$ cat upload-v3.pdb   # PDB, C-alpha atoms
ATOM      1  CA  MET A   1      17.463 -15.808  37.550
ATOM      2  CA  LYS A   2      15.505 -17.319  34.679
ATOM      3  CA  VAL A   3      16.182 -20.763  33.185
ATOM      4  CA  VAL A   4      14.689 -21.584  29.767
ATOM      5  CA  LEU A   5      14.826 -24.959  28.032
ATOM      6  CA  LEU A   6      15.386 -23.779  24.466
ATOM      7  CA  GLY A   7      15.464 -27.310  23.105
ATOM      8  CA  THR A   8      14.650 -30.652  24.710
ATOM      9  CA  GLY A   9      15.374 -33.046  21.846
ATOM     10  CA  ASP A  10      18.206 -35.428  21.098
ATOM     11  CA  SER A  11      20.564 -35.220  18.117
ATOM     12  CA  PRO A  12      17.973 -35.553  15.289
ATOM     13  CA  GLY A  13      15.201 -33.743  17.167
ATOM     14  CA  THR A  14      11.544 -34.727  16.954
ATOM     15  CA  PRO A  15      10.030 -35.335  14.469
ATOM     16  CA  VAL A  16      12.956 -37.138  12.900
ATOM     17  CA  ILE A  17      13.490 -36.614   9.178
ATOM     18  CA  GLY A  18      12.255 -39.688   7.319
ATOM     19  CA  CYS A  19      10.781 -41.356  10.415
ATOM     20  CA  HIS A  20       7.080 -42.198  10.492
ATOM     21  CA  CYS A  21       6.821 -43.732  13.938
ATOM     22  CA  LYS A  22       3.801 -42.903  16.083
ATOM     23  CA  THR A  23       5.602 -40.119  17.941
ATOM     24  CA  CYS A  24       7.038 -38.436  14.850
ATOM     25  CA  GLU A  25       3.696 -38.627  13.052
ATOM     26  CA  ASP A  26       1.916 -37.192  16.095
ATOM     27  CA  ALA A  27       4.406 -34.293  16.157
ATOM     28  CA  ARG A  28       3.756 -33.556  12.491
ATOM     29  CA  LYS A  29      -0.010 -33.850  12.794
ATOM     30  CA  ASN A  30      -0.349 -31.767  15.953
ATOM     31  CA  GLY A  31       2.390 -29.225  15.272
ATOM     32  CA  TRP A  32       4.772 -29.871  18.152
ATOM     33  CA  GLU A  33       8.489 -30.595  18.058
ATOM     34  CA  ARG A  34      11.587 -30.990  20.151
ATOM     35  CA  LYS A  35      14.428 -28.785  18.998
ATOM     36  CA  ARG A  36      17.981 -29.817  19.762
ATOM     37  CA  PHE A  37      19.379 -29.299  23.266
ATOM     38  CA  SER A  38      20.279 -25.880  24.638
ATOM     39  CA  VAL A  39      19.528 -24.025  27.866
ATOM     40  CA  LEU A  40      19.295 -20.251  28.280
ATOM     41  CA  ILE A  41      20.221 -18.741  31.654
ATOM     42  CA  GLN A  42      19.283 -15.095  32.230
ATOM     43  CA  ASN A  43      20.474 -13.046  35.188
ATOM     44  CA  LYS A  44      21.171  -9.352  35.751
ATOM     45  CA  GLY A  45      20.183  -8.563  32.164
ATOM     46  CA  LYS A  46      22.749 -10.995  30.727
ATOM     47  CA  ASN A  47      22.218 -14.068  28.550
ATOM     48  CA  LEU A  48      24.215 -17.262  29.029
ATOM     49  CA  LEU A  49      23.819 -20.275  26.739
ATOM     50  CA  ILE A  50      24.575 -23.793  27.891
ATOM     51  CA  ASP A  51      25.444 -25.406  24.538
ATOM     52  CA  THR A  52      24.647 -23.988  21.115
ATOM     53  CA  SER A  53      22.065 -26.176  19.433
ATOM     54  CA  PRO A  54      21.916 -26.548  15.634
ATOM     55  CA  ASP A  55      18.505 -24.891  16.075
ATOM     56  CA  MET A  56      20.034 -21.868  17.819
ATOM     57  CA  ARG A  57      18.908 -19.303  15.241
ATOM     58  CA  SER A  58      15.220 -20.171  15.494
ATOM     59  CA  GLN A  59      15.449 -20.598  19.273
ATOM     60  CA  LEU A  60      16.902 -17.120  19.821
ATOM     61  CA  LEU A  61      14.500 -15.523  17.351
ATOM     62  CA  SER A  62      11.576 -17.147  19.136
ATOM     63  CA  MET A  63      12.842 -15.765  22.448
ATOM     64  CA  GLY A  64      13.506 -12.284  21.050
ATOM     65  CA  ILE A  65      17.164 -12.532  22.097
ATOM     66  CA  ASP A  66      19.439 -10.012  20.339
ATOM     67  CA  ARG A  67      22.745 -10.842  22.014
ATOM     68  CA  ILE A  68      24.415 -13.670  23.928
ATOM     69  CA  ASP A  69      26.903 -12.611  26.591
ATOM     70  CA  ALA A  70      28.608 -15.982  27.119
ATOM     71  CA  VAL A  71      28.481 -19.635  26.097
ATOM     72  CA  ILE A  72      29.393 -22.820  27.932
ATOM     73  CA  TRP A  73      30.008 -25.964  25.874
ATOM     74  CA  THR A  74      29.496 -29.290  27.637
ATOM     75  CA  HIS A  75      31.058 -31.518  24.962
ATOM     76  CA  CYS A  76      31.990 -31.795  21.307
ATOM     77  CA  HIS A  77      28.976 -33.552  19.780
ATOM     78  CA  TYR A  78      27.368 -31.787  16.804
ATOM     79  CA  ASP A  79      23.954 -31.348  18.412
ATOM     80  CA  HIS A  80      25.528 -29.398  21.286
ATOM     81  CA  PHE A  81      27.791 -26.946  19.475
ATOM     82  CA  ALA A  82      27.000 -26.654  15.749
ATOM     83  CA  GLY A  83      24.605 -23.709  16.119
ATOM     84  CA  PHE A  84      27.523 -21.554  17.228
ATOM     85  CA  GLY A  85      28.084 -20.939  13.528
ATOM     86  CA  ASP A  86      24.879 -18.855  13.563
ATOM     87  CA  PHE A  87      26.892 -16.103  15.239
ATOM     88  CA  TYR A  88      28.694 -15.609  11.912
ATOM     89  CA  ARG A  89      28.181 -11.993  10.732
ATOM     90  CA  VAL A  90      25.810 -11.476  13.688
ATOM     91  CA  GLN A  91      28.001 -11.348  16.792
ATOM     92  CA  SER A  92      31.774 -11.617  17.071
ATOM     93  CA  ASN A  93      34.234 -12.389  19.867
ATOM     94  CA  VAL A  94      31.738 -14.345  21.950
ATOM     95  CA  ASN A  95      33.179 -15.579  25.250
ATOM     96  CA  VAL A  96      33.092 -19.391  25.337
ATOM     97  CA  TYR A  97      33.872 -21.353  28.502
ATOM     98  CA  THR A  98      34.806 -25.027  28.663
ATOM     99  CA  SER A  99      37.736 -27.337  29.316
ATOM    100  CA  GLY A 100      40.803 -27.338  27.117
ATOM    101  CA  GLU A 101      39.943 -30.711  25.618
ATOM    102  CA  VAL A 102      36.464 -29.621  24.539
ATOM    103  CA  HIS A 103      37.839 -26.360  23.125
ATOM    104  CA  GLU A 104      40.383 -28.340  21.134
ATOM    105  CA  ASP A 105      37.836 -30.791  19.721
ATOM    106  CA  ILE A 106      35.231 -28.190  18.750
ATOM    107  CA  GLY A 107      37.857 -25.730  17.550
ATOM    108  CA  LYS A 108      38.685 -28.036  14.635
ATOM    109  CA  TYR A 109      35.188 -27.425  13.283
ATOM    110  CA  MET A 110      34.918 -23.774  14.261
ATOM    111  CA  GLU A 111      38.145 -22.525  12.650
ATOM    112  CA  PHE A 112      36.143 -20.033  10.566
ATOM    113  CA  MET A 113      34.776 -18.317  13.699
ATOM    114  CA  LYS A 114      36.519 -15.751  15.866
ATOM    115  CA  TYR A 115      35.605 -16.177  19.506
ATOM    116  CA  ARG A 116      37.288 -15.909  22.901
ATOM    117  CA  ARG A 117      38.261 -19.347  24.151
ATOM    118  CA  ILE A 118      38.278 -19.314  27.941
ATOM    119  CA  GLU A 119      39.542 -22.538  29.500
ATOM    120  CA  VAL A 120      38.027 -23.614  32.798
ATOM    121  CA  GLU A 121      38.721 -26.760  34.746
ATOM    122  CA  SER A 122      36.159 -29.091  36.287
ATOM    123  CA  TYR A 123      35.362 -28.536  39.974
ATOM    124  CA  GLU A 124      36.885 -25.033  39.906
ATOM    125  CA  PRO A 125      34.041 -22.461  40.235
ATOM    126  CA  PHE A 126      34.038 -19.197  38.303
ATOM    127  CA  GLU A 127      31.751 -16.170  38.386
ATOM    128  CA  LEU A 128      29.503 -15.008  35.563
ATOM    129  CA  PHE A 129      26.812 -12.319  35.781
ATOM    130  CA  GLY A 130      26.205 -12.763  39.504
ATOM    131  CA  MET A 131      26.179 -16.569  39.259
ATOM    132  CA  LYS A 132      28.723 -19.110  40.455
ATOM    133  CA  ILE A 133      29.333 -21.684  37.715
ATOM    134  CA  THR A 134      31.003 -25.055  38.217
ATOM    135  CA  LEU A 135      31.684 -27.645  35.537
ATOM    136  CA  PHE A 136      31.940 -31.271  36.577
ATOM    137  CA  ASP A 137      32.992 -34.369  34.661
ATOM    138  CA  VAL A 138      30.450 -36.877  33.365
ATOM    139  CA  ASN A 139      30.776 -40.172  31.514
ATOM    140  CA  HIS A 140      29.862 -39.974  27.817
ATOM    141  CA  PRO A 141      31.990 -42.553  25.959
ATOM    142  CA  PRO A 142      33.953 -42.531  23.770
ATOM    143  CA  LEU A 143      34.599 -38.815  24.352
ATOM    144  CA  ARG A 144      37.733 -37.971  26.300
ATOM    145  CA  ARG A 145      35.930 -35.120  28.123
ATOM    146  CA  SER A 146      32.292 -34.205  28.736
ATOM    147  CA  HIS A 147      30.761 -31.969  31.402
ATOM    148  CA  GLY A 148      27.706 -31.226  33.452
ATOM    149  CA  VAL A 149      27.043 -27.745  34.817
ATOM    150  CA  ARG A 150      26.172 -26.479  38.290
ATOM    151  CA  ILE A 151      24.800 -22.948  38.712
ATOM    152  CA  ASP A 152      24.455 -21.281  42.123
ATOM    153  CA  CYS A 153      22.550 -18.019  42.355
ATOM    154  CA  GLY A 154      20.594 -16.293  45.110
ATOM    155  CA  GLY A 155      20.551 -19.336  47.335
ATOM    156  CA  PHE A 156      19.255 -21.615  44.560
ATOM    157  CA  LYS A 157      21.138 -24.438  42.887
ATOM    158  CA  VAL A 158      20.479 -25.559  39.305
ATOM    159  CA  VAL A 159      22.235 -28.643  37.953
ATOM    160  CA  ILE A 160      22.367 -29.677  34.285
ATOM    161  CA  SER A 161      23.565 -33.252  33.918
ATOM    162  CA  GLY A 162      25.018 -32.933  30.440
ATOM    163  CA  ASP A 163      25.011 -36.000  28.187
ATOM    164  CA  THR A 164      26.061 -38.937  30.335
ATOM    165  CA  ASN A 165      25.420 -42.501  31.334
ATOM    166  CA  LYS A 166      24.683 -43.398  34.947
ATOM    167  CA  ASN A 167      28.332 -44.061  35.866
ATOM    168  CA  LEU A 168      29.306 -40.702  37.315
ATOM    169  CA  PRO A 169      32.419 -39.888  39.362
ATOM    170  CA  SER A 170      31.745 -39.535  43.079
ATOM    171  CA  LYS A 171      33.249 -36.048  42.963
ATOM    172  CA  SER A 172      30.628 -35.059  40.383
ATOM    173  CA  LEU A 173      27.795 -36.549  42.425
ATOM    174  CA  ALA A 174      28.930 -34.394  45.338
ATOM    175  CA  GLU A 175      28.603 -31.282  43.137
ATOM    176  CA  MET A 176      25.087 -32.288  42.127
ATOM    177  CA  MET A 177      23.678 -32.978  45.588
ATOM    178  CA  ASP A 178      20.511 -31.190  46.756
ATOM    179  CA  ALA A 179      19.818 -29.432  43.476
ATOM    180  CA  ASP A 180      16.741 -27.197  43.552
ATOM    181  CA  LEU A 181      16.257 -27.903  39.837
ATOM    182  CA  PHE A 182      17.831 -30.900  38.096
ATOM    183  CA  ILE A 183      17.768 -30.803  34.286
ATOM    184  CA  VAL A 184      18.763 -34.341  33.371
ATOM    185  CA  GLU A 185      19.076 -36.138  30.071
ATOM    186  CA  ALA A 186      16.910 -39.213  29.429
ATOM    187  CA  LEU A 187      17.065 -40.420  25.852
ATOM    188  CA  ALA A 188      14.270 -42.975  26.149
ATOM    189  CA  PRO A 189      11.826 -44.650  28.559
ATOM    190  CA  GLU A 190      12.881 -47.567  30.746
ATOM    191  CA  GLY A 191      13.634 -50.749  28.849
ATOM    192  CA  TYR A 192      16.091 -49.063  26.503
ATOM    193  CA  ARG A 193      19.805 -49.439  27.179
ATOM    194  CA  PHE A 194      22.546 -47.120  25.952
ATOM    195  CA  LYS A 195      26.307 -47.043  26.502
ATOM    196  CA  LYS A 196      26.556 -43.259  26.648
ATOM    197  CA  HIS A 197      23.085 -42.072  27.707
ATOM    198  CA  MET A 198      20.500 -42.737  30.413
ATOM    199  CA  ASN A 199      16.931 -43.896  30.093
ATOM    200  CA  ALA A 200      14.150 -42.279  32.137
ATOM    201  CA  LYS A 201      14.361 -44.816  34.953
ATOM    202  CA  GLU A 202      18.101 -44.286  35.352
ATOM    203  CA  ALA A 203      17.720 -40.500  35.219
ATOM    204  CA  LEU A 204      15.026 -40.515  37.895
ATOM    205  CA  GLN A 205      17.102 -42.845  40.063
ATOM    206  CA  LEU A 206      19.989 -40.405  39.775
ATOM    207  CA  ALA A 207      17.675 -37.537  40.712
ATOM    208  CA  LYS A 208      16.637 -39.456  43.826
ATOM    209  CA  GLU A 209      20.259 -40.233  44.689
ATOM    210  CA  ILE A 210      21.247 -36.551  44.608
ATOM    211  CA  ARG A 211      18.049 -35.525  46.441
ATOM    212  CA  ALA A 212      16.914 -33.151  43.690
ATOM    213  CA  LYS A 213      13.879 -31.086  44.687
ATOM    214  CA  LYS A 214      12.516 -30.713  41.144
ATOM    215  CA  VAL A 215      13.402 -32.827  38.114
ATOM    216  CA  VAL A 216      12.847 -32.194  34.420
ATOM    217  CA  LEU A 217      13.911 -34.679  31.742
ATOM    218  CA  THR A 218      15.503 -33.420  28.548
ATOM    219  CA  HIS A 219      17.543 -34.628  25.531
ATOM    220  CA  LEU A 220      14.472 -36.702  24.696
ATOM    221  CA  GLY A 221      14.318 -39.033  21.701
ATOM    222  CA  HIS A 222      11.328 -40.136  19.658
ATOM    223  CA  PHE A 223      11.505 -43.407  21.617
ATOM    224  CA  PHE A 224       9.071 -41.808  24.067
ATOM    225  CA  PRO A 225       5.352 -41.897  23.231
ATOM    226  CA  PRO A 226       3.813 -38.650  21.943
ATOM    227  CA  HIS A 227       4.448 -35.822  24.387
ATOM    228  CA  ASP A 228       0.911 -35.448  25.761
ATOM    229  CA  VAL A 229       0.919 -39.173  26.571
ATOM    230  CA  ALA A 230       4.474 -39.519  27.906
ATOM    231  CA  VAL A 231       4.224 -36.439  30.137
ATOM    232  CA  LYS A 232       1.535 -38.206  32.191
ATOM    233  CA  LYS A 233       4.145 -40.727  33.315
ATOM    234  CA  TYR A 234       7.430 -38.825  33.165
ATOM    235  CA  PRO A 235       8.437 -35.248  34.089
ATOM    236  CA  LEU A 236       9.344 -34.430  30.496
ATOM    237  CA  GLY A 237      10.573 -30.964  29.644
ATOM    238  CA  SER A 238       9.192 -29.052  26.686
ATOM    239  CA  ASP A 239      10.777 -26.492  24.395
ATOM    240  CA  PHE A 240      10.786 -22.989  25.921
ATOM    241  CA  GLN A 241       9.665 -24.259  29.332
ATOM    242  CA  THR A 242      10.761 -21.631  31.848
ATOM    243  CA  PHE A 243      11.757 -21.660  35.528
ATOM    244  CA  LEU A 244      12.125 -18.527  37.662
ATOM    245  CA  PHE A 245      14.242 -18.109  40.784
ATOM    246  CA  GLY A 246      14.585 -15.084  43.016
ATOM    247  CA  GLU A 247      12.693 -12.681  45.227
ATOM    248  CA  GLU A 248       9.542 -12.561  43.101
ATOM    249  CA  ALA A 249       9.390 -16.234  42.138
ATOM    250  CA  THR A 250      10.271 -19.099  44.445
ATOM    251  CA  LEU A 251      10.750 -22.696  43.442
ATOM    252  CA  ASP A 252       7.511 -23.604  45.259
ATOM    253  CA  GLU A 253       5.596 -22.145  42.310
ATOM    254  CA  PHE A 254       6.895 -24.966  40.132
ATOM    255  CA  LEU A 255       6.495 -27.962  42.452
TER     256      LEU A 255
END

$ encode --input "upload-v3.pdb" --output "structure tokens"
Amino acid sequence: MKVVLLGTGDSPGTPVIGCHCKTCEDARKNGWERKRFSVLIQNKGKNLLIDTSPDMRSQLLSMGIDRIDAVIWTHCHYDHFAGFGDFYRVQSNVNVYTSGEVHEDIGKYMEFMKYRRIEVESYEPFELFGMKITLFDVNHPPLRRSHGVRIDCGGFKVVISGDTNKNLPSKSLAEMMDADLFIVEALAPEGYRFKKHMNAKEALQLAKEIRAKKVVLTHLGHFFPPHDVAVKKYPLGSDFQTFLFGEEATLDEFL
């Protein structure tokens, strides 16, 4: 199994249009960016997307991906689903998995697209391409429903927190326990407070609580210092960062 962070930015990405803060200026000057959030999971020759970033077209072209075999949507915010429109005239009848509420909310925007809406319920595992997938509920107000994702494959456990604050249901925490890789959102360094997101301190505390073996922060805003500075203090993810699991690559290679 291969896990690729296609985009590690928050809703406007980095650099932010019209922003001339130190981080955005550093990104422009040194040619780095954070595309909007999406994760690619590859297993048994199949491609699964966790969320469809508004940057999906450039992300898939950069990866040389010709076809997506399934999509999971975590919630109905623009930066997590809007790129699905890039399938228009490229690929039809894509299988999309999420809860009924998220399908309903995103479906209002995606009426022009034909795709297979497959409803799944939180805490009820389903199989995809040799992987066991479980959605779990997270707290991302004011949305009525938002999910994290657990992926079990070959004895490894990958957990993606989804967009959430630190107030998670105990049932969800149980699903997240002992993750081999924890991909967790952290919008900003400590000192920032958000109603619907975590800062880096809160995300790392959550990682400790669930006993995650490896942690990578994502959904990063320009509130962080420039990447080469911030990464010395925090385990920040970067666009197209890749993790391998299986017989030929063990997690120890990434610790």

$ closest_atom_pairs --input "upload-v3.pdb" --of "segment 28-54 of chain A" --to "segment 3-24 of chain A" --cutoff "7 Å" --atoms "only C-alpha atoms" --output "JSON lines"
{"residue": "A:Arg28", "atom": "CA", "partner": "A:Cys24", "partner_atom": "CA", "distance": 6.3}
{"residue": "A:Glu33", "atom": "CA", "partner": "A:Thr14", "partner_atom": "CA", "distance": 5.3}
{"residue": "A:Arg34", "atom": "CA", "partner": "A:Gly9", "partner_atom": "CA", "distance": 4.6}
{"residue": "A:Lys35", "atom": "CA", "partner": "A:Gly7", "partner_atom": "CA", "distance": 4.5}
{"residue": "A:Arg36", "atom": "CA", "partner": "A:Gly9", "partner_atom": "CA", "distance": 4.6}
{"residue": "A:Phe37", "atom": "CA", "partner": "A:Gly7", "partner_atom": "CA", "distance": 4.4}
{"residue": "A:Ser38", "atom": "CA", "partner": "A:Gly7", "partner_atom": "CA", "distance": 5.3}
{"residue": "A:Val39", "atom": "CA", "partner": "A:Leu5", "partner_atom": "CA", "distance": 4.8}
{"residue": "A:Leu40", "atom": "CA", "partner": "A:Val4", "partner_atom": "CA", "distance": 5.0}
{"residue": "A:Ile41", "atom": "CA", "partner": "A:Val3", "partner_atom": "CA", "distance": 4.8}
{"residue": "A:Gln42", "atom": "CA", "partner": "A:Val3", "partner_atom": "CA", "distance": 6.5}

$ write_last_selection --input "upload-v3.pdb" --atoms "C-alpha atoms" --output "CSV table (one decimal), in the coordinates of the input"
chain,number,residue,atom,x,y,z
A,28,ARG,CA,3.8,-33.6,12.5
A,33,GLU,CA,8.5,-30.6,18.1
A,34,ARG,CA,11.6,-31.0,20.2
A,35,LYS,CA,14.4,-28.8,19.0
A,36,ARG,CA,18.0,-29.8,19.8
A,37,PHE,CA,19.4,-29.3,23.3
A,38,SER,CA,20.3,-25.9,24.6
A,39,VAL,CA,19.5,-24.0,27.9
A,40,LEU,CA,19.3,-20.3,28.3
A,41,ILE,CA,20.2,-18.7,31.7
A,42,GLN,CA,19.3,-15.1,32.2

$ closest_residue --input "upload-v3.pdb" --among "A:Ile133, A:Leu49, A:Cys76, A:Gly162" --to "Lys108 of chain A" --atoms "all atoms listed in the file"
A:Cys76

$ resolve_selection --input "upload-v3.pdb" --expression "the PyMOL selection byres ((chain A and resi 224) around 10)" --output "PyMOL selection string"
chain A and resi 22-23+186-190+200+220-223+225-227+229-231+234+236

$ resolve_selection --input "upload-v3.pdb" --expression "the PyMOL selection byres ((chain A and resi 151-160) around 8)" --output "list in words"
Met1, Gly130, Met131, Lys132, Ile133, Thr134, Gly148, Val149, Arg150, Ser161, Gly162, Met176, Asp178, Ala179, Asp180, Leu181, Phe182, Ile183, Val184, Phe245 and Gly246 of chain A

$ resolve_selection --input "upload-v3.pdb" --expression "the PyMOL selection byres ((chain A and resi 81) around 10)" --output "list in words"
Phe37, Ser38, Ile50, Asp51, Thr52, Ser53, Pro54, Met56, Val71, Ile72, Trp73, Thr74, His75, Cys76, His77, Tyr78, Asp79, His80, Ala82, Gly83, Phe84, Gly85, Ile106, Tyr109 and Met110 of chain A

$ atom_distance --input "upload-v3.pdb" --atom1 "atom CA of Phe87 of chain A" --atom2 "atom CA of His197 of chain A"
29.1 Å

$ atom_distance --input "upload-v3.pdb" --atom1 "atom CA of Met198 of chain A" --atom2 "atom CA of Asn167 of chain A"
9.6 Å

$ atom_distance --input "upload-v3.pdb" --atom1 "atom CA of Asp228 of chain A" --atom2 "atom CA of Lys2 of chain A"
24.9 Å

$ residues_near_point --input "upload-v3.pdb" --point "(34.1, -25.4, 29.6)" --cutoff "9 Å" --atoms "only C-alpha atoms" --output "list in words"
Val71, Ile72, Trp73, Thr74, His75, Val96, Tyr97, Thr98, Ser99, Gly100, Glu101, Val102, His103, Ile118, Glu119, Val120, Glu121, Ser122, Leu135 and His147 of chain A

$ residues_around --input "upload-v3.pdb" --residues "Gly64 of chain A" --least-positions-apart "6" --cutoff "12 Å" --atoms "all atoms listed in the file" --output "list in words"
Asn47, Arg57 and Ser58 of chain A

$ axis_aligned_box --input "upload-v3.pdb" --around "segment 41-51 of chain A" --padding-each-side "3 Å" --output "JSON"
{"center_x": 22.4, "center_y": -17.0, "center_z": 30.1, "size_x": 12.2, "size_y": 22.8, "size_z": 17.2}

$ closest_residue --input "upload-v3.pdb" --among "A:Asp137, A:Tyr192, A:Arg144, A:Ala203" --to "Leu168 of chain A" --atoms "all atoms listed in the file"
A:Asp137

$ closest_residue --input "upload-v3.pdb" --among "A:Lys208, A:Lys201, A:His219, A:Lys114" --to "Thr164 of chain A" --atoms "all atoms listed in the file"
A:His219
